[in-house]
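Next comes entry.tsv, a file with TSV, C-alpha atoms.
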```
chain	number	residue	atom	x	y	z
A	1	ARG	CA	2.64	18.24	7.08
A	2	LYS	CA	2.09	14.74	5.78
A	3	GLU	CA	3.61	13.95	2.39
A	4	VAL	CA	0.31	12.62	1.07
A	5	GLU	CA	-2.93	13.82	2.61
A	6	GLN	CA	-6.48	12.63	2.20
A	7	ASP	CA	-9.79	13.53	3.80
A	8	PRO	CA	-10.51	10.47	5.96
A	9	GLY	CA	-14.28	10.79	5.45
A	10	PRO	CA	-16.47	8.87	5.67
A	11	PHE	CA	-18.25	10.03	2.55
A	12	ASN	CA	-21.84	8.78	2.76
A	13	VAL	CA	-23.26	8.73	-0.74
A	14	PRO	CA	-26.57	7.36	-2.12
A	15	GLU	CA	-26.35	4.63	-4.71
A	16	GLY	CA	-26.22	6.03	-8.22
A	17	ALA	CA	-24.70	9.34	-7.22
A	18	THR	CA	-21.39	10.76	-8.35
A	19	VAL	CA	-18.67	11.22	-5.76
A	20	ALA	CA	-15.25	12.79	-5.96
A	21	PHE	CA	-12.39	13.10	-3.55
A	22	ASN	CA	-8.93	14.58	-3.70
A	23	CYS	CA	-5.49	13.74	-2.47
A	24	THR	CA	-2.76	16.35	-2.01
A	25	TYR	CA	0.96	15.67	-2.14
A	26	SER	CA	3.79	17.81	-0.87
A	27	ASN	CA	6.75	16.65	-2.97
A	28	SER	CA	6.65	18.30	-6.37
A	29	ALA	CA	9.19	15.75	-7.63
A	30	SER	CA	6.61	12.97	-7.45
A	31	GLN	CA	6.07	11.68	-10.94
A	32	SER	CA	3.60	8.85	-10.66
A	33	PHE	CA	0.44	8.37	-8.69
A	34	PHE	CA	-1.97	5.55	-8.07
A	35	TRP	CA	-5.36	4.97	-6.52
A	36	TYR	CA	-5.83	1.73	-4.59
A	37	ARG	CA	-8.98	0.52	-2.92
A	38	GLN	CA	-8.94	-1.41	0.30
A	39	ASP	CA	-11.86	-3.34	1.69
A	40	CYS	CA	-12.16	-3.81	5.43
A	41	ARG	CA	-9.38	-6.05	6.76
A	42	LYS	CA	-8.19	-6.88	3.24
A	43	GLU	CA	-5.12	-5.95	1.25
A	44	PRO	CA	-5.01	-2.87	-1.02
A	45	LYS	CA	-5.84	-3.55	-4.65
A	46	LEU	CA	-4.82	-1.35	-7.54
A	47	LEU	CA	-7.73	0.68	-8.88
A	48	MET	CA	-5.96	2.81	-11.43
A	49	SER	CA	-2.79	4.66	-12.29
A	50	VAL	CA	-2.78	8.44	-12.67
A	51	TYR	CA	-0.53	10.03	-15.24
A	52	SER	CA	-0.21	13.58	-16.49
A	53	SER	CA	-3.04	13.20	-18.97
A	54	GLY	CA	-5.35	11.63	-16.41
A	55	ASN	CA	-6.99	8.27	-16.74
A	56	GLU	CA	-10.51	6.91	-17.18
A	57	ASP	CA	-11.68	3.36	-16.60
A	58	GLY	CA	-15.40	2.81	-16.88
A	59	ARG	CA	-17.12	4.70	-14.08
A	60	PHE	CA	-13.81	5.84	-12.60
A	61	THR	CA	-11.83	8.90	-13.65
A	62	ALA	CA	-8.55	10.01	-12.13
A	63	GLN	CA	-6.99	13.40	-12.75
A	64	LEU	CA	-3.66	14.98	-11.87
A	65	ASN	CA	-3.23	18.69	-11.17
A	66	ARG	CA	0.50	19.36	-10.91
A	67	ALA	CA	0.12	23.10	-10.39
A	68	SER	CA	-1.90	22.58	-7.23
A	69	GLN	CA	-0.27	19.26	-6.39
A	70	TYR	CA	-3.32	17.11	-6.05
A	71	ILE	CA	-4.92	14.12	-7.70
A	72	SER	CA	-8.60	13.37	-7.78
A	73	LEU	CA	-10.81	10.35	-8.16
A	74	LEU	CA	-14.32	10.60	-9.57
A	75	ILE	CA	-16.78	7.74	-9.34
A	76	ARG	CA	-19.93	7.97	-11.42
A	77	ASP	CA	-23.13	5.96	-10.94
A	78	SER	CA	-21.83	4.62	-7.64
A	79	LYS	CA	-22.61	1.04	-6.66
A	80	LEU	CA	-22.96	-0.54	-3.25
A	81	SER	CA	-19.82	-2.52	-4.07
A	82	ASP	CA	-17.84	0.72	-4.35
A	83	SER	CA	-17.95	1.01	-0.55
A	84	ALA	CA	-14.33	0.80	0.54
A	85	THR	CA	-11.38	2.91	1.61
A	86	TYR	CA	-9.59	4.61	-1.27
A	87	LEU	CA	-5.85	5.07	-0.84
A	88	CYS	CA	-3.80	7.57	-2.77
A	89	VAL	CA	-0.16	6.77	-3.53
A	90	ALA	CA	2.66	9.01	-4.74
A	91	VAL	CA	5.86	7.53	-6.15
A	92	MET	CA	8.94	9.47	-5.11
A	93	ASP	CA	11.01	10.14	-8.19
A	94	SER	CA	14.30	9.99	-6.29
A	95	ASN	CA	14.07	6.49	-4.87
A	96	TYR	CA	10.83	5.06	-6.29
A	97	GLN	CA	9.38	4.60	-2.83
A	98	LEU	CA	5.63	4.63	-2.54
A	99	ILE	CA	4.20	7.17	-0.12
A	100	TRP	CA	0.67	6.37	0.93
A	101	GLY	CA	-2.15	8.52	2.17
A	102	ALA	CA	-4.23	7.33	5.10
A	103	GLY	CA	-7.23	6.73	2.85
A	104	THR	CA	-10.73	8.09	2.33
A	105	LYS	CA	-13.60	5.93	3.48
A	106	LEU	CA	-16.54	5.75	1.11
A	107	ILE	CA	-19.93	4.33	2.09
A	108	ILE	CA	-22.54	3.87	-0.61
A	109	LYS	CA	-26.06	3.67	0.80
A	110	PRO	CA	-29.03	2.02	-0.95
B	1	ASP	CA	-1.62	-18.00	-11.64
B	2	ALA	CA	-1.15	-17.70	-7.91
B	3	GLY	CA	-1.00	-14.23	-6.48
B	4	VAL	CA	1.22	-13.04	-3.68
B	5	THR	CA	1.05	-15.39	-0.73
B	6	GLN	CA	1.94	-14.62	2.88
B	7	SER	CA	2.24	-16.74	5.96
B	8	PRO	CA	1.05	-16.94	8.59
B	9	THR	CA	-2.25	-15.11	8.22
B	10	HIS	CA	-2.52	-14.33	11.91
B	11	LEU	CA	0.01	-14.33	14.69
B	12	ILE	CA	-0.08	-13.55	18.39
B	13	LYS	CA	3.17	-12.82	20.22
B	14	THR	CA	4.19	-11.30	23.52
B	15	ARG	CA	6.44	-8.33	24.11
B	16	GLY	CA	10.13	-9.09	23.69
B	17	GLN	CA	9.62	-12.05	21.37
B	18	HIS	CA	10.71	-12.14	17.77
B	19	VAL	CA	8.69	-12.98	14.68
B	20	THR	CA	9.37	-14.08	11.12
B	21	LEU	CA	6.88	-13.33	8.38
B	22	ARG	CA	7.09	-14.92	4.95
B	23	CYS	CA	6.11	-13.85	1.48
B	24	SER	CA	6.12	-15.50	-1.93
B	25	PRO	CA	5.81	-13.14	-4.88
B	26	ILE	CA	3.90	-13.63	-8.08
B	27	SER	CA	5.78	-15.92	-10.43
B	28	GLY	CA	8.18	-13.87	-12.53
B	29	HIS	CA	8.27	-10.94	-10.12
B	30	LYS	CA	11.72	-10.14	-8.79
B	31	SER	CA	10.94	-7.38	-6.34
B	32	VAL	CA	9.31	-7.65	-2.94
B	33	SER	CA	8.32	-4.78	-0.69
B	34	TRP	CA	7.17	-4.90	2.92
B	35	TYR	CA	4.71	-2.51	4.53
B	36	GLN	CA	3.23	-2.04	7.98
B	37	GLN	CA	-0.35	-0.88	8.20
B	38	VAL	CA	-1.84	0.24	11.46
B	39	LEU	CA	-5.63	0.49	11.69
B	40	GLY	CA	-6.87	3.73	10.19
B	41	GLN	CA	-3.59	4.53	8.45
B	42	GLY	CA	-2.13	3.89	5.05
B	43	PRO	CA	0.66	1.35	4.58
B	44	GLN	CA	4.08	2.49	5.80
B	45	PHE	CA	7.07	1.37	3.73
B	46	ILE	CA	9.55	-0.86	5.56
B	47	PHE	CA	11.82	-2.47	2.94
B	48	GLN	CA	12.14	-3.19	-0.74
B	49	TYR	CA	14.27	-5.98	-2.17
B	50	TYR	CA	15.18	-6.63	-5.77
B	51	GLU	CA	17.34	-9.49	-6.98
B	52	LYS	CA	18.17	-10.34	-3.37
B	53	GLU	CA	19.52	-6.89	-2.61
B	54	GLU	CA	17.98	-4.23	-0.42
B	55	ARG	CA	16.90	-1.34	-2.62
B	56	GLY	CA	15.07	0.77	-0.10
B	57	ARG	CA	14.48	1.12	3.59
B	58	GLY	CA	11.82	3.08	5.41
B	59	ASN	CA	12.02	4.80	8.76
B	60	PHE	CA	11.88	1.72	10.97
B	61	PRO	CA	14.25	0.73	13.80
B	62	ASP	CA	16.98	-1.86	13.40
B	63	ARG	CA	14.73	-4.40	15.10
B	64	PHE	CA	13.22	-4.82	11.66
B	65	SER	CA	15.22	-6.76	9.11
B	66	ALA	CA	14.48	-8.64	5.93
B	67	ARG	CA	16.04	-10.72	3.23
B	68	GLN	CA	15.18	-12.10	-0.17
B	69	PHE	CA	16.03	-15.59	-1.30
B	70	PRO	CA	17.22	-16.87	-4.71
B	71	ASN	CA	13.64	-17.89	-5.55
B	72	TYR	CA	12.60	-14.25	-4.81
B	73	SER	CA	10.59	-15.16	-1.74
B	74	SER	CA	11.24	-12.98	1.27
B	75	GLU	CA	11.22	-12.93	5.04
B	76	LEU	CA	10.59	-10.03	7.38
B	77	ASN	CA	12.02	-10.39	10.87
B	78	VAL	CA	11.11	-8.28	13.84
B	79	ASN	CA	13.04	-8.63	17.10
B	80	ALA	CA	12.19	-7.48	20.62
B	81	LEU	CA	8.54	-6.98	19.79
B	82	LEU	CA	6.73	-3.99	21.22
B	83	LEU	CA	3.01	-3.46	21.66
B	84	GLY	CA	3.21	-0.84	18.93
B	85	ASP	CA	4.33	-3.45	16.42
B	86	SER	CA	0.79	-4.80	16.33
B	87	ALA	CA	-0.35	-4.21	12.77
B	88	LEU	CA	-1.14	-5.75	9.43
B	89	TYR	CA	2.09	-6.56	7.61
B	90	LEU	CA	1.71	-6.46	3.87
B	91	CYS	CA	3.99	-7.86	1.24
B	92	ALA	CA	3.83	-6.55	-2.32
B	93	SER	CA	5.54	-7.97	-5.37
B	94	SER	CA	6.39	-6.28	-8.64
B	95	LEU	CA	8.35	-7.04	-11.77
B	96	GLY	CA	11.04	-4.61	-10.70
B	97	THR	CA	11.67	-1.42	-8.82
B	98	GLY	CA	10.52	1.95	-9.98
B	99	MET	CA	7.18	2.53	-11.64
B	100	TYR	CA	6.12	-1.10	-11.75
B	101	THR	CA	2.72	-1.81	-10.26
B	102	GLN	CA	2.81	-3.48	-6.88
B	103	TYR	CA	0.46	-6.35	-6.11
B	104	PHE	CA	-0.31	-7.09	-2.50
B	105	GLY	CA	-0.66	-10.30	-0.59
B	106	PRO	CA	-3.44	-10.78	1.98
B	107	GLY	CA	-1.15	-9.72	4.82
B	108	THR	CA	-0.18	-11.11	8.18
B	109	ARG	CA	-2.04	-9.69	11.13
B	110	LEU	CA	0.35	-9.50	14.07
B	111	THR	CA	-0.91	-8.92	17.58
B	112	VAL	CA	1.62	-8.23	20.32
B	113	LEU	CA	0.34	-8.69	23.87
```

If you convert what's in this file into structure tokens, what do you get?
Amino acid sequence: RKEVEQDPGPFNVPEGATVAFNCTYSNSASQSFFWYRQDCRKEPKLLMSVYSSGNEDGRFTAQLNRASQYISLLIRDSKLSDSATYLCVAVMDSNYQLIWGAGTKLIIKP
Amino acid sequence: DAGVTQSPTHLIKTRGQHVTLRCSPISGHKSVSWYQQVLGQGPQFIFQYYEKEERGRGNFPDRFSARQFPNYSSELNVNALLLGDSALYLCASSLGTGMYTQYFGPGTRLTVL
């Protein structure tokens, strides 16, 4: 089992819709989580951090469910520019290494 | 302020050769991490350096090595290249180790023929 798992997608979503995807992690000792977005052939860019209380930034909301060991990302009123691959990251508490999921591809259609 | 810079942007090598990739962190950042990203996968951790010392190492063979210089820039060296080393190599800088946010450079795309 991979340490961080994501549905690879692609998620094909009409513009303006709400979309959500999850990321599961296997190590219960993970304390911090992040969502990055990566455009095709570009570097990952930090989207938002995810802490115990969750986090909201404009149209984006991230939640953490420790009991079920998953984090989620919700995008409201999706824009064409939201099309990208969304990478989930778990920080290992023991050595602070970042463990990355393989990403979920999101395609917003007009 | 300049972000993380990496050089070269693209590189083509043949099997058995060696390669050196370079990274300059954001000014004021003392930690540099290296990742390998194969198409369709997330980044895989290779090394982390902080204050010129190795602070973490991923599951990569000894053909991979790195170092950090007094100005906090870093080099990643790969010897005896294999076809499977073809990937995007990403450098990320952060203020320190631990929970600090990592900021990525544009990467070096290595193709091994």

Next item on the list: Write out as a PyMOL selection string every residue belonging to chain A that has an atom at most 8 Å from any atom of chain B, counting only C-alpha atoms.
Entry: chain A and resi 32+42-46+87+91+95-103

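For the choices B:Asp62, B:Ile12, B:His29, B:Glu51, the atom-to-atom distance to Val78 (chain B) is smallest for B:Asp62 when using all atoms listed in the file.
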
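The space separating CA of Asn59 (chain B) from CA of Tyr70 (chain A) comes to 24.6 Å.
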
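Here CA of Tyr72 (chain B) is placed at a distance of 16.3 Å from CA of Thr20 (chain B).
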
Next item on the list: For Leu106 (chain A), list every protein, DNA or RNA residue within 7 Å, evaluated using all atoms listed in the file, and leave out those in the same chain fewer than 3 positions away; present the list as JSON, numbers by chain.
Entry: {"A": [10, 11, 12, 83, 84, 85]}

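Between CA of Val19 (chain A) and CA of Phe34 (chain A) the interatomic distance comes to 17.8 Å.
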
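Of the listed residues (A:Thr18, A:Thr24, A:Ser81, A:Gln31), A:Thr24 comes nearest to Gln6 (chain A); the distances count only C-alpha atoms.
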
Notebook entry, point to check: Please, which residues are within 12 Å of (4.8, -12.4, 17.5) by the file's coordinates, counting all atoms listed in the file, and could they come as a PyMOL selection string?
Noted result: chain B and resi 8-21+76-87+89+108-113

Residue selection dump (C-alpha atoms) as a compact mmCIF listing (two decimals), in the frame of the given file:
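Full text of out-v5.txt as output:
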```
# COMPACT_ATOMS: atom_id res chain seq x y z
CA PRO B 8 1.05 -16.94 8.59
CA THR B 9 -2.25 -15.11 8.22
CA HIS B 10 -2.52 -14.33 11.91
CA LEU B 11 0.01 -14.33 14.69
CA ILE B 12 -0.08 -13.55 18.39
CA LYS B 13 3.17 -12.82 20.22
CA THR B 14 4.19 -11.30 23.52
CA ARG B 15 6.44 -8.33 24.11
CA GLY B 16 10.13 -9.09 23.69
CA GLN B 17 9.62 -12.05 21.37
CA HIS B 18 10.71 -12.14 17.77
CA VAL B 19 8.69 -12.98 14.68
CA THR B 20 9.37 -14.08 11.12
CA LEU B 21 6.88 -13.33 8.38
CA LEU B 76 10.59 -10.03 7.38
CA ASN B 77 12.02 -10.39 10.87
CA VAL B 78 11.11 -8.28 13.84
CA ASN B 79 13.04 -8.63 17.10
CA ALA B 80 12.19 -7.48 20.62
CA LEU B 81 8.54 -6.98 19.79
CA LEU B 82 6.73 -3.99 21.22
CA LEU B 83 3.01 -3.46 21.66
CA GLY B 84 3.21 -0.84 18.93
CA ASP B 85 4.33 -3.45 16.42
CA SER B 86 0.79 -4.80 16.33
CA ALA B 87 -0.35 -4.21 12.77
CA TYR B 89 2.09 -6.56 7.61
CA THR B 108 -0.18 -11.11 8.18
CA ARG B 109 -2.04 -9.69 11.13
CA LEU B 110 0.35 -9.50 14.07
CA THR B 111 -0.91 -8.92 17.58
CA VAL B 112 1.62 -8.23 20.32
CA LEU B 113 0.34 -8.69 23.87
```
